[in-house]
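A short worksheet on the structure shown next.
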Amino acid sequence: MFEDLNPEQQAAVNHGEGPLLIVAGAGSGKTMTLAARVASLIERGTRPERILLLTFSRRASREMVSRAARLGTSDTGRVWGGTFHAVGNRLLRLHGLALGLTPDFTVLDQADGADVMNLLRDEHGYSARARRFPRKDTLAAIYSRTVNAGERLTDVVKRHYPWCLDEVEGIREIFRAYTERKRQQHVLDYDDLLLFWKALATSPATGSQLAQMFEHILVDEYQDTNALQADILEGMRPAAGPRNVTVVGDDAQSIYGFRAATVKNILEFPERFPDATMIKLERNYRSTPPILAASNAVIALSPQRHEKTLRPTRPGETLPILRACLDEAEQSDAVCRAVLEHREEGILLKAQAVLFRAAYHSDHLEVELARRNIPFVKYGGLKFMEAAHVKDALSCLRILENPLDEVSWFRVLQLLDGMGPASARRLMEELEVRREDDAHAASPLARFLDEPVAVPKGAAEGVRELRGALGNCLDADVLPPAGQLARLRTFLEPVIVRKYEAAASRLRDLEQLELLASEASSRGQFLADLTLDPPSSTGDLAGPPHLDEDYLILSTIHSAKGLEWDVVHVIHAADGMIPSDMSTGDDDEIEEERRLLYVALTRARDGLHVTYPQRYYRRP
DNA sequence: CAACGTTTTGTTTTT
DNA sequence: CAAAACGTTG
Ligand SMILES: Nc1ncnc2c1ncn2[C@@H]1O[C@H](COP(=O)(O)OP(=O)(O)OP(=O)(O)O)[C@@H](O)[C@H]1O
């Protein structure tokens with residue numbers, strides 16, 4: 001069944017009980033090995049639903065599970081696969097009651113969390129001008145780092161946000177209020193999904209029950225997990241019981257430091273799991289020798305590298321191409337030409353990818369591709385969930401799902417004509433959206449629908465319309481999520497036309513949203529899925545027609561993790577782009593940029609083009 | 001005082 | 001290009 005595997009891969013697949021650490025270089029077949037191991041475990045009698053497979057994205061999880069299925073095991077559908085966050089969400093809905101979490105909680109994404117911070121910043125009087133208090137996104141970022149890295153607030157601020165040092169006490173005050181506010185409103189943010197999972201796993205009352213759910217736990221891309229996630233893993237594999245846990249990673253490919261990921265997790269694995277077996281995969285099955293040599297040369301310059309020698313196994317002599325271009329226009333032209341040349345040689349567009357550091361780096365190229373009728377799908381940097389009108393629609397759904405969700409009320413009410421922040425606040429107070437603990441008063445939504453409310457005269461009409469829309473969604477208890485969105489759309493349409501420009505394309509986004517909703521089984525499920533696995537490519541939104549067409553892949557390097565293409569084009573390989581000028585604060589950041597380039601280069605199988613413009617008209 | 005329109009600023013990567 | 005800050009109108 002696994003005869004193609006090399007001896008080290010075989011050993012990893014066949015490993016029996018006990019902790020296993022697989023240190024695997026780029027293209028050494030770790031994804032394949034992990035999938036084979038899942039298949040093998042099932043073959044050897046482990047029930048699929050007793051296997052937990054943690055990956056860095058839902059997409060990676062699907063890919064891995066389907067690979068395992070192709071290896072001959074049929075029953076992989078029942079494997080618990082997903083990101084730490086998605087699995088946390090699932091476990092907490094099942095077992096959260098032990099921590100006082102009711103299963104009806106809703107999930108905030110990081111922008112929602114920032115909005116809560118903003119509300120609190122106003123309430124606590126930190127928004128006065130003249131005072132330079134951190135902005136909402138900064139607050140959210142600081143908070144997230146303290147939680148995920150398990151570090152003290154003052155240390156985080158000192159290290160990563162030194163300009164906020166004067167306001168540490170205010171920040172602490174906001175954070176305390178933030179935590180309390182989330183509890184009152186039955187909402188969890190991304191960090192809470194991990195935090196509460198850890199609490200569940202390490203609590204004497206529930207820990208062992210949770211650990212016993214899974215016979216085997218496997219974690220992919222372990223170099224990109226953070227301290228909190230390592231704690232969860234340890235909690236799920238207590239020293240007392242059998243410690244069947246497999247982690248796979250490559251410290252040279254650690255690119256999520258900005259999310260508090262740390263290679264310490266790999267390095268310290270043998271200490272946390274003392275009798276761990278360690279297997280190294282050092283044969284690269286992906287790239288031709290010249291491509292691998294170039295990649296190795298890039299990473300060799302890293303002073304913090306852990307020794308690994310990655311040896312090529314494939315033939316090939318074509319050298320990678322480094323092309324200096326006059327400017328961005330010439331770069332786009334060069335890429336288009338190279339792509340088409342390879343296409344002529346028989347390499348499908350789909351087998352080629354253009355990689356870049358930041359989503360906007362491909363703007364110019366996208367125009368050029370469109371002009372030449374070269375179809376493409378772009379991964380990463382999609383601002384769909386960030387778009388105001390999408391948030392508006394989702395906030396309506398979230399009010400229906402969780403009437404205590406303050407930020408959703410605040411956003412939706414301000415859509416109404418004549419209703420600004422002050423009136424919205426007043427109305428929310430009247431509805432008692434914010435209430436002390438679990439008071440048994442009528443839901444704010446019921447009150448809004450049934451009781452007369454005091455609003456500015458100008459806003460009365462808007463309130464009636466909102467009432468109608470929300471009421472209709474609720475009346476028809478059986479109305480599926482897509483139907484609810486359709487009803488809400490009739491309310492939102494005039495609002496969007498009045499409030500935003502480019503209304504037409506925004507309205508199309510709402511139809512898109514409705515399409516996504518039509519696959520969901522319930523409103524709650526839809527909302528959670530969307531926040532835990534947001535659309536990540538333009539293809540996710542364009543729908544299935546793309547499937548049999550051929551199209552070029554454009555992707556951020558982050559979103560290209562774990563993937564491979566016959567030909568890879570890396571653009572904007574210039575100072576200020578890679579490395580990004582946003583990430584030159586300290587050596588660690590710069591080293592991460594180096595690894596980012598390494599990850600980009602190692603995606604290529606047969607052809608590699610690296611280009612950079614020598615001149616930018618707008619400062620980069 | 002509150003809503004709304006205009007100017008300025010600041011711009012990565014993702015669960 | 002979107003959100004914050006500012007200034008004007010209701
Ligand atoms: N034993 C093998 N024999 C032949 N080909 C192999 C073998 N193992 C892996 N491969 C091939 O090598 C390529 C890389 O494998 P895979 O994607 O699993 O690597 P990876 O370690 O996950 O890479 P990365 O860490 O860079 O994401 C795949 O095309 C896979 O089919």
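Residue numbering restarts at 1 for every chain of the structure tokens, chains are lettered A, B, ... in their displayed order, and ligands are numbered from 1 as they appear.
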Just the strand (DSSP E or B) stuff from segment 249-392 of chain A, please, per backbone DSSP, written as a count of residues only.
27
Based on DSSP run over this structure's backbone, return all residues of segment 49-161 of chain A in alpha helix (DSSP H), as an mmCIF file with C-alpha atoms, in the first residue's frame.
```
data_model
loop_
_atom_site.group_PDB
_atom_site.id
_atom_site.type_symbol
_atom_site.label_atom_id
_atom_site.label_comp_id
_atom_site.auth_asym_id
_atom_site.auth_seq_id
_atom_site.Cartn_x
_atom_site.Cartn_y
_atom_site.Cartn_z
ATOM 1 C CA ARG A 58 -9.368 23.825 6.514
ATOM 2 C CA ARG A 59 -8.130 23.516 2.984
ATOM 3 C CA ALA A 60 -5.029 21.633 4.126
ATOM 4 C CA SER A 61 -7.182 19.393 6.253
ATOM 5 C CA ARG A 62 -9.469 18.486 3.378
ATOM 6 C CA GLU A 63 -6.469 17.803 1.181
ATOM 7 C CA MET A 64 -4.825 15.550 3.729
ATOM 8 C CA VAL A 65 -7.958 13.587 4.492
ATOM 9 C CA SER A 66 -8.698 13.022 0.833
ATOM 10 C CA ARG A 67 -5.118 11.884 0.253
ATOM 11 C CA ALA A 68 -5.555 9.389 3.044
ATOM 12 C CA ALA A 69 -8.757 8.230 1.419
ATOM 13 C CA ARG A 70 -6.974 7.705 -1.882
ATOM 14 C CA PHE A 84 -6.991 24.283 16.098
ATOM 15 C CA HIS A 85 -9.637 26.979 16.034
ATOM 16 C CA ALA A 86 -12.257 24.949 14.202
ATOM 17 C CA VAL A 87 -11.715 21.915 16.418
ATOM 18 C CA GLY A 88 -11.832 24.130 19.497
ATOM 19 C CA ASN A 89 -15.133 25.507 18.294
ATOM 20 C CA ARG A 90 -16.521 22.009 17.864
ATOM 21 C CA LEU A 91 -15.279 20.678 21.179
ATOM 22 C CA LEU A 92 -16.485 23.698 23.123
ATOM 23 C CA ARG A 93 -19.981 23.387 21.727
ATOM 24 C CA LEU A 94 -20.000 19.772 22.868
ATOM 25 C CA HIS A 95 -18.317 20.099 26.237
ATOM 26 C CA GLN A 110 -10.393 39.761 14.805
ATOM 27 C CA ALA A 111 -12.102 42.797 13.306
ATOM 28 C CA ASP A 112 -15.167 42.193 15.493
ATOM 29 C CA GLY A 113 -12.916 41.919 18.499
ATOM 30 C CA ALA A 114 -11.324 45.214 17.552
ATOM 31 C CA ASP A 115 -14.787 46.784 17.355
ATOM 32 C CA VAL A 116 -15.513 45.650 20.896
ATOM 33 C CA MET A 117 -12.225 47.189 21.947
ATOM 34 C CA ASN A 118 -13.264 50.412 20.258
ATOM 35 C CA LEU A 119 -16.555 50.500 22.124
ATOM 36 C CA LEU A 120 -14.727 49.991 25.387
ATOM 37 C CA ARG A 121 -12.126 52.591 24.541
ATOM 38 C CA ASP A 122 -14.909 55.134 24.100
ATOM 39 C CA GLU A 123 -16.721 54.077 27.263
ATOM 40 C CA LYS A 136 -8.563 49.460 18.021
ATOM 41 C CA ASP A 137 -6.565 47.189 15.756
ATOM 42 C CA THR A 138 -3.466 47.718 17.834
ATOM 43 C CA LEU A 139 -5.385 46.862 20.996
ATOM 44 C CA ALA A 140 -6.714 43.702 19.382
ATOM 45 C CA ALA A 141 -3.247 42.736 18.181
ATOM 46 C CA ILE A 142 -1.651 43.282 21.572
ATOM 47 C CA TYR A 143 -4.365 41.301 23.283
ATOM 48 C CA SER A 144 -4.040 38.441 20.856
ATOM 49 C CA ARG A 145 -0.316 38.257 21.297
ATOM 50 C CA THR A 146 -0.465 38.158 25.075
ATOM 51 C CA VAL A 147 -2.928 35.293 24.886
ATOM 52 C CA ASN A 148 -1.254 33.265 22.166
ATOM 53 C CA ALA A 149 2.284 33.713 23.362
ATOM 54 C CA LEU A 153 1.175 42.480 28.879
ATOM 55 C CA THR A 154 4.090 44.693 29.819
ATOM 56 C CA ASP A 155 6.548 42.352 28.120
ATOM 57 C CA VAL A 156 4.520 42.235 24.930
ATOM 58 C CA VAL A 157 4.139 45.997 24.812
ATOM 59 C CA LYS A 158 7.796 46.548 25.619
ATOM 60 C CA ARG A 159 8.957 44.147 22.951
ATOM 61 C CA HIS A 160 6.510 44.705 20.116
#
```
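Around ligand 1, using only C-alpha atoms (C1' of nucleotides) and all ligand atoms and a cut-off of 7 Å, the residues in contact are Asp4, Leu5, Asn6, Ala24, Gly25, Ala26, Gly27, Ser28, Gly29, Lys30, Thr31, Met32, Thr33, Asp250, Asn284, Tyr285, Arg286, Lys561, Gly562, Leu563, Glu564, Thr602 and Arg603 of chain A.
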Env of DT15 of chain B: 12 Å cut, atoms = only C-alpha atoms (C1' of nucleotides), seq-sep filter 4 positions within chain, self excluded. Answer as a short mmCIF file (atom, residue, chain, number, x, y, z; two decimals) with all heavy atoms, in the first residue's frame.
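What ended up in result-v2.cif:
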```cif
data_model
loop_
_atom_site.label_atom_id
_atom_site.label_comp_id
_atom_site.auth_asym_id
_atom_site.auth_seq_id
_atom_site.Cartn_x
_atom_site.Cartn_y
_atom_site.Cartn_z
N THR A 55 -4.45 20.84 11.34
CA THR A 55 -3.71 21.44 10.23
C THR A 55 -3.80 22.96 10.35
O THR A 55 -4.47 23.49 11.24
CB THR A 55 -4.31 21.02 8.88
OG1 THR A 55 -5.71 21.29 8.90
CG2 THR A 55 -4.10 19.54 8.64
N PHE A 56 -3.14 23.67 9.44
CA PHE A 56 -3.11 25.13 9.56
C PHE A 56 -4.25 25.79 8.81
O PHE A 56 -4.48 26.98 8.96
CB PHE A 56 -1.77 25.67 9.06
CG PHE A 56 -1.53 25.43 7.60
CD1 PHE A 56 -1.84 26.39 6.66
CD2 PHE A 56 -1.04 24.21 7.17
CE1 PHE A 56 -1.64 26.15 5.31
CE2 PHE A 56 -0.85 23.96 5.83
CZ PHE A 56 -1.14 24.92 4.89
N SER A 57 -4.96 25.04 7.98
CA SER A 57 -6.14 25.60 7.33
C SER A 57 -7.12 24.47 7.05
O SER A 57 -6.74 23.30 7.03
CB SER A 57 -5.77 26.29 6.01
OG SER A 57 -5.44 25.33 5.04
N ARG A 58 -8.37 24.83 6.83
CA ARG A 58 -9.37 23.83 6.51
C ARG A 58 -9.04 23.18 5.18
O ARG A 58 -9.25 21.99 4.96
CB ARG A 58 -10.74 24.48 6.42
CG ARG A 58 -11.38 24.67 7.78
CD ARG A 58 -12.47 23.63 8.02
NE ARG A 58 -13.78 24.23 8.07
CZ ARG A 58 -14.43 24.56 9.19
NH1 ARG A 58 -13.89 24.33 10.34
NH2 ARG A 58 -15.62 25.11 9.14
N GLY A 82 -9.15 19.49 11.04
CA GLY A 82 -9.40 20.92 10.97
C GLY A 82 -8.32 21.72 11.65
O GLY A 82 -7.33 21.17 12.12
N THR A 83 -8.51 23.02 11.69
CA THR A 83 -7.56 23.87 12.38
C THR A 83 -7.79 23.77 13.88
O THR A 83 -8.83 23.30 14.34
CB THR A 83 -7.77 25.34 11.98
OG1 THR A 83 -9.09 25.72 12.36
CG2 THR A 83 -7.61 25.53 10.49
N PHE A 84 -6.81 24.21 14.65
CA PHE A 84 -6.99 24.28 16.10
C PHE A 84 -8.27 25.05 16.42
O PHE A 84 -9.05 24.65 17.29
CB PHE A 84 -5.79 24.99 16.74
CG PHE A 84 -4.65 24.09 17.09
CD1 PHE A 84 -3.66 23.81 16.14
CD2 PHE A 84 -4.55 23.51 18.34
CE1 PHE A 84 -2.58 22.98 16.46
CE2 PHE A 84 -3.48 22.68 18.68
CZ PHE A 84 -2.49 22.42 17.73
N HIS A 85 -8.48 26.14 15.71
CA HIS A 85 -9.64 26.98 16.03
C HIS A 85 -10.95 26.27 15.72
O HIS A 85 -11.89 26.29 16.53
CB HIS A 85 -9.55 28.31 15.28
CG HIS A 85 -8.40 29.16 15.71
ND1 HIS A 85 -7.17 29.10 15.11
CD2 HIS A 85 -8.30 30.08 16.69
CE1 HIS A 85 -6.33 29.94 15.72
NE2 HIS A 85 -7.00 30.56 16.67
N ALA A 86 -11.01 25.62 14.58
CA ALA A 86 -12.26 24.95 14.20
C ALA A 86 -12.55 23.78 15.14
O ALA A 86 -13.70 23.55 15.53
CB ALA A 86 -12.17 24.47 12.76
N VAL A 87 -11.51 23.05 15.51
CA VAL A 87 -11.71 21.92 16.42
C VAL A 87 -12.11 22.43 17.80
O VAL A 87 -13.00 21.88 18.46
CB VAL A 87 -10.45 21.04 16.49
CG1 VAL A 87 -10.56 20.01 17.59
CG2 VAL A 87 -10.22 20.34 15.14
N GLY A 88 -11.46 23.52 18.22
CA GLY A 88 -11.83 24.13 19.50
C GLY A 88 -13.30 24.51 19.50
O GLY A 88 -14.04 24.23 20.45
N ASN A 89 -13.73 25.12 18.43
CA ASN A 89 -15.13 25.51 18.29
C ASN A 89 -16.05 24.30 18.47
O ASN A 89 -17.03 24.34 19.21
CB ASN A 89 -15.33 26.15 16.91
CG ASN A 89 -16.78 26.45 16.60
OD1 ASN A 89 -17.43 27.22 17.32
ND2 ASN A 89 -17.30 25.84 15.55
N VAL A 107 -19.00 33.38 17.32
CA VAL A 107 -17.56 33.60 17.23
C VAL A 107 -17.26 34.95 16.58
O VAL A 107 -17.82 35.29 15.55
CB VAL A 107 -16.88 32.48 16.41
CG1 VAL A 107 -15.37 32.70 16.37
CG2 VAL A 107 -17.20 31.12 17.00
N LEU A 108 -16.38 35.71 17.22
CA LEU A 108 -15.95 37.00 16.69
C LEU A 108 -14.67 36.84 15.90
O LEU A 108 -13.75 36.17 16.36
CB LEU A 108 -15.64 37.97 17.84
CG LEU A 108 -16.72 38.35 18.84
CD1 LEU A 108 -16.13 39.35 19.84
CD2 LEU A 108 -17.92 38.93 18.14
N ASP A 109 -14.59 37.43 14.74
CA ASP A 109 -13.29 37.45 14.08
C ASP A 109 -12.50 38.63 14.63
O ASP A 109 -12.98 39.37 15.48
CB ASP A 109 -13.41 37.46 12.56
CG ASP A 109 -13.93 38.78 12.01
OD1 ASP A 109 -13.89 39.80 12.72
OD2 ASP A 109 -14.42 38.79 10.86
N GLN A 110 -11.25 38.80 14.13
CA GLN A 110 -10.39 39.76 14.80
C GLN A 110 -10.89 41.20 14.62
O GLN A 110 -10.74 42.02 15.52
CB GLN A 110 -8.93 39.53 14.38
CG GLN A 110 -8.20 40.71 13.91
CD GLN A 110 -7.79 40.49 12.45
OE1 GLN A 110 -8.31 39.62 11.75
NE2 GLN A 110 -6.87 41.29 11.98
N SER A 144 -4.21 39.75 21.45
CA SER A 144 -4.04 38.44 20.86
C SER A 144 -2.64 37.88 21.12
O SER A 144 -2.47 36.70 21.39
CB SER A 144 -4.29 38.54 19.36
OG SER A 144 -4.35 37.27 18.80
N ASN A 148 -1.83 34.36 22.94
CA ASN A 148 -1.25 33.27 22.17
C ASN A 148 0.18 32.94 22.54
O ASN A 148 0.62 31.81 22.43
CB ASN A 148 -1.33 33.58 20.67
CG ASN A 148 -2.73 33.39 20.13
OD1 ASN A 148 -3.19 32.27 20.00
ND2 ASN A 148 -3.41 34.48 19.84
N ASP A 189 -13.84 35.05 20.94
CA ASP A 189 -12.99 35.43 19.81
C ASP A 189 -12.08 34.25 19.46
O ASP A 189 -12.11 33.21 20.12
CB ASP A 189 -12.22 36.72 20.10
CG ASP A 189 -11.27 36.58 21.29
OD1 ASP A 189 -10.91 35.44 21.62
OD2 ASP A 189 -10.91 37.61 21.88
N TYR A 190 -11.28 34.41 18.41
CA TYR A 190 -10.39 33.33 17.99
C TYR A 190 -9.55 32.82 19.15
O TYR A 190 -9.38 31.61 19.33
CB TYR A 190 -9.44 33.82 16.89
CG TYR A 190 -10.05 33.99 15.53
CD1 TYR A 190 -9.71 35.07 14.74
CD2 TYR A 190 -10.94 33.04 15.01
CE1 TYR A 190 -10.24 35.23 13.46
CE2 TYR A 190 -11.47 33.19 13.74
CZ TYR A 190 -11.13 34.29 12.98
OH TYR A 190 -11.65 34.44 11.73
N ASP A 191 -9.02 33.74 19.92
CA ASP A 191 -8.12 33.36 21.00
C ASP A 191 -8.85 32.56 22.08
O ASP A 191 -8.30 31.63 22.66
CB ASP A 191 -7.48 34.60 21.61
CG ASP A 191 -6.80 35.45 20.56
OD1 ASP A 191 -6.25 34.86 19.60
OD2 ASP A 191 -6.83 36.68 20.67
N ASP A 192 -10.11 32.94 22.31
CA ASP A 192 -10.90 32.22 23.32
C ASP A 192 -11.09 30.75 22.94
O ASP A 192 -11.15 29.88 23.80
CB ASP A 192 -12.27 32.86 23.48
CG ASP A 192 -12.19 34.22 24.17
OD1 ASP A 192 -11.27 34.41 24.99
OD2 ASP A 192 -13.05 35.08 23.88
N LEU A 193 -11.24 30.50 21.64
CA LEU A 193 -11.44 29.13 21.20
C LEU A 193 -10.29 28.25 21.66
O LEU A 193 -10.47 27.09 22.04
CB LEU A 193 -11.57 29.06 19.67
CG LEU A 193 -12.83 29.73 19.09
CD1 LEU A 193 -12.76 29.77 17.56
CD2 LEU A 193 -14.08 29.01 19.55
N LEU A 194 -9.09 28.83 21.65
CA LEU A 194 -7.92 28.08 22.11
C LEU A 194 -7.83 28.09 23.64
O LEU A 194 -7.58 27.08 24.28
CB LEU A 194 -6.65 28.69 21.52
CG LEU A 194 -6.57 28.78 19.99
CD1 LEU A 194 -5.23 29.35 19.55
CD2 LEU A 194 -6.80 27.41 19.36
N ASP A 224 4.57 26.33 12.92
CA ASP A 224 3.72 27.51 12.89
C ASP A 224 2.62 27.48 13.94
O ASP A 224 1.59 28.11 13.79
CB ASP A 224 3.13 27.71 11.49
CG ASP A 224 4.13 28.34 10.54
OD1 ASP A 224 4.94 29.17 10.99
OD2 ASP A 224 4.13 27.99 9.35
N THR A 225 2.85 26.74 15.00
CA THR A 225 1.92 26.78 16.13
C THR A 225 2.53 27.65 17.24
O THR A 225 3.74 27.88 17.24
CB THR A 225 1.67 25.37 16.69
OG1 THR A 225 2.93 24.78 17.05
CG2 THR A 225 0.97 24.51 15.65
N ASN A 226 1.69 28.13 18.13
CA ASN A 226 2.19 29.01 19.19
C ASN A 226 2.14 28.34 20.56
O ASN A 226 1.74 27.17 20.69
CB ASN A 226 1.43 30.34 19.18
CG ASN A 226 -0.06 30.15 19.36
OD1 ASN A 226 -0.50 29.35 20.19
ND2 ASN A 226 -0.85 30.88 18.58
N TYR A 256 4.83 32.29 10.62
CA TYR A 256 3.70 32.90 11.31
C TYR A 256 4.10 33.51 12.66
O TYR A 256 3.30 33.53 13.58
CB TYR A 256 2.55 31.90 11.48
CG TYR A 256 1.72 31.77 10.23
CD1 TYR A 256 2.04 30.86 9.24
CD2 TYR A 256 0.62 32.60 10.02
CE1 TYR A 256 1.30 30.76 8.07
CE2 TYR A 256 -0.12 32.52 8.87
CZ TYR A 256 0.21 31.60 7.89
OH TYR A 256 -0.53 31.52 6.75
N ARG A 259 1.89 35.87 14.35
CA ARG A 259 0.74 35.34 15.07
C ARG A 259 1.21 34.60 16.31
O ARG A 259 0.52 33.73 16.83
CB ARG A 259 -0.01 34.38 14.15
CG ARG A 259 -1.47 34.62 14.08
CD ARG A 259 -2.09 33.90 12.92
NE ARG A 259 -1.99 32.45 13.02
CZ ARG A 259 -2.47 31.62 12.10
NH1 ARG A 259 -3.05 32.09 11.02
NH2 ARG A 259 -2.35 30.33 12.25
N ALA A 260 2.42 34.90 16.72
CA ALA A 260 3.02 34.34 17.94
C ALA A 260 3.47 32.89 17.79
O ALA A 260 3.78 32.22 18.77
CB ALA A 260 2.08 34.48 19.15
N ALA A 261 3.52 32.40 16.56
CA ALA A 261 4.05 31.05 16.34
C ALA A 261 5.53 31.04 16.69
O ALA A 261 6.23 32.05 16.54
CB ALA A 261 3.86 30.64 14.89
N ASP A 529 -18.84 28.75 10.40
CA ASP A 529 -18.00 28.31 9.28
C ASP A 529 -17.35 29.48 8.59
O ASP A 529 -16.17 29.43 8.23
CB ASP A 529 -18.85 27.54 8.25
CG ASP A 529 -19.05 26.11 8.66
OD1 ASP A 529 -18.45 25.70 9.68
OD2 ASP A 529 -19.81 25.39 7.99
N LEU A 530 -18.10 30.52 8.41
CA LEU A 530 -17.59 31.67 7.68
C LEU A 530 -16.46 32.36 8.45
O LEU A 530 -15.48 32.80 7.86
CB LEU A 530 -18.73 32.65 7.43
CG LEU A 530 -18.68 33.47 6.15
CD1 LEU A 530 -18.49 32.60 4.93
CD2 LEU A 530 -19.94 34.31 6.03
N THR A 531 -16.60 32.44 9.76
CA THR A 531 -15.52 33.10 10.50
C THR A 531 -14.32 32.18 10.69
O THR A 531 -13.19 32.66 10.73
CB THR A 531 -15.98 33.61 11.88
OG1 THR A 531 -16.80 32.61 12.47
CG2 THR A 531 -16.75 34.88 11.77
N LEU A 532 -14.55 30.89 10.76
CA LEU A 532 -13.43 29.98 10.99
C LEU A 532 -12.75 29.58 9.69
O LEU A 532 -11.59 29.18 9.68
CB LEU A 532 -13.91 28.72 11.72
CG LEU A 532 -14.39 28.99 13.14
CD1 LEU A 532 -15.02 27.75 13.74
CD2 LEU A 532 -13.23 29.46 14.00
N ASP A 533 -13.46 29.68 8.58
CA ASP A 533 -12.89 29.29 7.30
C ASP A 533 -13.39 30.26 6.23
O ASP A 533 -14.19 29.91 5.38
CB ASP A 533 -13.33 27.86 6.96
CG ASP A 533 -12.71 27.36 5.67
OD1 ASP A 533 -11.63 27.85 5.30
OD2 ASP A 533 -13.32 26.48 5.03
N PRO A 534 -12.94 31.50 6.29
CA PRO A 534 -13.45 32.51 5.38
C PRO A 534 -13.00 32.21 3.95
O PRO A 534 -11.99 31.53 3.76
CB PRO A 534 -12.81 33.81 5.88
CG PRO A 534 -11.70 33.43 6.76
CD PRO A 534 -11.91 32.03 7.20
N SER A 536 -11.09 32.15 0.79
CA SER A 536 -9.69 32.53 0.73
C SER A 536 -9.21 32.80 -0.68
O SER A 536 -8.11 33.26 -0.89
CB SER A 536 -8.83 31.44 1.36
OG SER A 536 -8.91 30.28 0.58
#
```
Q | Spatial neighbours of segment 1-8 of chain C, max dist 8 Å, only C-alpha atoms (C1' of nucleotides), sep filter under 4 positions, as a PyMOL selection string | A | chain B and resi 5-9
Should the cut-off be 8 Å, what would the residue list for chain B against chain A look like, counting only C-alpha atoms (C1' of nucleotides), as an mmCIF file with C-alpha atoms (C1' of nucleotides), in the first residue's frame?
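And here's out-v5.cif as it stands now:
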```
data_model
loop_
_atom_site.group_PDB
_atom_site.id
_atom_site.type_symbol
_atom_site.label_atom_id
_atom_site.label_comp_id
_atom_site.auth_asym_id
_atom_site.auth_seq_id
_atom_site.Cartn_x
_atom_site.Cartn_y
_atom_site.Cartn_z
ATOM 1 C "C1'" DA B 2 -25.768 64.619 17.291
ATOM 2 C "C1'" DA B 3 -25.557 63.412 12.521
ATOM 3 C "C1'" DT B 12 1.564 42.636 5.429
ATOM 4 C "C1'" DT B 13 0.992 38.053 6.190
ATOM 5 C "C1'" DT B 15 -7.154 31.732 12.269
#
```
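From atom CA of Gln10 of chain A back to atom CA of Gly241 of chain A, the distance works out to 25.9 Å.
The two atoms in question, atom CA of Leu218 of chain A and atom CA of Thr246 of chain A, are spaced 4.6 Å apart.
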key: Shell around Asp104 of chain A at 10 Å using only C-alpha atoms (C1' of nucleotides), local window under 3 positions removed, as an NGL selection string   = :A and (93 or 101 or 107 or 186-187 or 401-402 or 524)
Selected residues written out, N, CA, C and O atoms, as a PDB file, in the first residue's frame:
```pdb
ATOM      1  N   ARG A  93     -18.527  23.486  21.824  1.00  0.00           N
ATOM      2  CA  ARG A  93     -19.981  23.387  21.727  1.00  0.00           C
ATOM      3  C   ARG A  93     -20.480  22.080  22.331  1.00  0.00           C
ATOM      4  O   ARG A  93     -21.595  21.993  22.834  1.00  0.00           O
ATOM      5  N   LEU A 101     -19.798  27.589  29.525  1.00  0.00           N
ATOM      6  CA  LEU A 101     -20.063  28.086  28.174  1.00  0.00           C
ATOM      7  C   LEU A 101     -21.292  27.383  27.611  1.00  0.00           C
ATOM      8  O   LEU A 101     -21.287  26.168  27.456  1.00  0.00           O
ATOM      9  N   VAL A 107     -19.002  33.376  17.318  1.00  0.00           N
ATOM     10  CA  VAL A 107     -17.564  33.601  17.230  1.00  0.00           C
ATOM     11  C   VAL A 107     -17.261  34.948  16.583  1.00  0.00           C
ATOM     12  O   VAL A 107     -17.822  35.295  15.546  1.00  0.00           O
ATOM     13  N   HIS A 186     -21.956  36.121  25.442  1.00  0.00           N
ATOM     14  CA  HIS A 186     -21.887  34.778  24.859  1.00  0.00           C
ATOM     15  C   HIS A 186     -21.153  34.781  23.524  1.00  0.00           C
ATOM     16  O   HIS A 186     -21.590  34.164  22.554  1.00  0.00           O
ATOM     17  N   VAL A 187     -20.068  35.523  23.460  1.00  0.00           N
ATOM     18  CA  VAL A 187     -19.250  35.490  22.259  1.00  0.00           C
ATOM     19  C   VAL A 187     -17.830  35.060  22.624  1.00  0.00           C
ATOM     20  O   VAL A 187     -17.354  35.326  23.719  1.00  0.00           O
ATOM     21  N   GLU A 401     -29.008  35.433  15.567  1.00  0.00           N
ATOM     22  CA  GLU A 401     -28.424  34.247  16.184  1.00  0.00           C
ATOM     23  C   GLU A 401     -28.115  34.500  17.653  1.00  0.00           C
ATOM     24  O   GLU A 401     -28.274  33.619  18.491  1.00  0.00           O
ATOM     25  N   ASN A 402     -27.645  35.679  17.940  1.00  0.00           N
ATOM     26  CA  ASN A 402     -27.240  36.013  19.310  1.00  0.00           C
ATOM     27  C   ASN A 402     -27.587  37.466  19.624  1.00  0.00           C
ATOM     28  O   ASN A 402     -26.787  38.365  19.413  1.00  0.00           O
ATOM     29  N   GLY A 524     -26.446  29.312  12.534  1.00  0.00           N
ATOM     30  CA  GLY A 524     -25.305  29.287  13.443  1.00  0.00           C
ATOM     31  C   GLY A 524     -24.099  28.621  12.794  1.00  0.00           C
ATOM     32  O   GLY A 524     -22.969  29.088  12.899  1.00  0.00           O
TER      33      GLY A 524
END
```
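Near segment 288-302 of chain A, within a cut-off of 9 Å and counting only C-alpha atoms (C1' of nucleotides), sit the residues A:Ala252, A:Asn284, A:Thr309, A:Leu310, A:Arg311, A:Pro312, A:Thr313, A:Arg314, A:Pro315, A:Gly316, A:Glu317, A:Thr318, A:Leu319, A:Pro320, A:Glu591, A:Arg594, A:Arg595, A:Leu597, A:Tyr598, A:Val599, A:Ala600, A:Leu601, A:Thr602, A:Ala604, A:Arg605, A:Asp606, A:Gly607, A:Leu608, with same-chain residues fewer than 4 positions away left out.
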